[in-house]
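Notes to accompany the following structure.
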Amino acid sequence: MKEFLHQKGITFTDRDVTQDDAAFEDVMRMGFAATPVTLIDGEAVVGFNKAKLEQLLAA
């Protein structure tokens with residue numbers, strides 16, 4: 001995920017749920033039990049879904 005975003009020139013905030021309790025709580029509060037969770041303009045993408053990511057980044 002990070003490499004994909006770097007290649008696209010997208011700035012992002014990396015939050016490690018294994019090291020950051022607040023990040024873990026945020027992901028759980030959103031109802032997700034898997035990572036990565038990427039938020040783009042308020043829309044969550046779980047896992048690495050390249051087609052969905054490119055769609056949201058193009059909007």
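Letters A, B, ... go to the chains of the structure tokens in the order shown; residues in each chain start at 1; ligands are counted from 1 in the same order.
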
Discussion item. Applying 12 Å and only C-alpha atoms, which residues near A:Thr18 remain after dropping the ones on its own chain fewer than 6 positions away? List them as a PyMOL selection string.
Written reply: chain A and resi 24-25+27+34-36

Output for the residues just chosen: C-alpha atoms as an mmCIF file, in the first residue's frame:
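Result file is result22.cif:
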data_model
loop_
_atom_site.group_PDB
_atom_site.id
_atom_site.type_symbol
_atom_site.label_atom_id
_atom_site.label_comp_id
_atom_site.auth_asym_id
_atom_site.auth_seq_id
_atom_site.Cartn_x
_atom_site.Cartn_y
_atom_site.Cartn_z
ATOM 1 C CA PHE A 24 -6.307 0.340 16.558
ATOM 2 C CA GLU A 25 -9.407 1.776 18.253
ATOM 3 C CA VAL A 27 -10.093 0.834 12.903
ATOM 4 C CA ALA A 34 -8.295 -6.452 8.796
ATOM 5 C CA THR A 35 -5.585 -4.121 7.583
ATOM 6 C CA PRO A 36 -4.633 -2.111 5.700
#

Practice prompt. For A:Phe4, list every protein, DNA or RNA residue within 12 Å, evaluated using only C-alpha atoms, and leave out those in the same chain fewer than 2 positions away; present the list as a PyMOL selection string.
Written response: chain A and resi 1-2+6-12+38+48-51+53-54+57

Serialized selection, C-alpha atoms, as a short mmCIF file (atom, residue, chain, number, x, y, z; two decimals), in the first residue's frame:
data_model
loop_
_atom_site.label_atom_id
_atom_site.label_comp_id
_atom_site.auth_asym_id
_atom_site.auth_seq_id
_atom_site.Cartn_x
_atom_site.Cartn_y
_atom_site.Cartn_z
CA MET A 1 0.00 0.00 0.00
CA LYS A 2 2.71 2.47 0.98
CA HIS A 6 4.48 6.70 -3.04
CA GLN A 7 4.42 5.81 -6.75
CA LYS A 8 1.27 7.93 -7.18
CA GLY A 9 2.88 10.85 -5.35
CA ILE A 10 0.18 10.74 -2.66
CA THR A 11 1.02 12.06 0.80
CA PHE A 12 -0.42 9.98 3.60
CA THR A 38 -7.12 3.27 3.66
CA PHE A 48 -5.11 -3.61 -1.31
CA ASN A 49 -7.84 -3.09 -3.91
CA LYS A 50 -5.89 -1.35 -6.67
CA ALA A 51 -8.92 -0.72 -8.91
CA LEU A 53 -7.95 2.93 -4.92
CA GLU A 54 -7.32 4.27 -8.42
CA LEU A 57 -7.84 8.83 -6.30
#

Worksheet item: In Å, how far is it from atom CA of A:Val46 to atom CA of A:Phe32?
Response: 7.9 Å
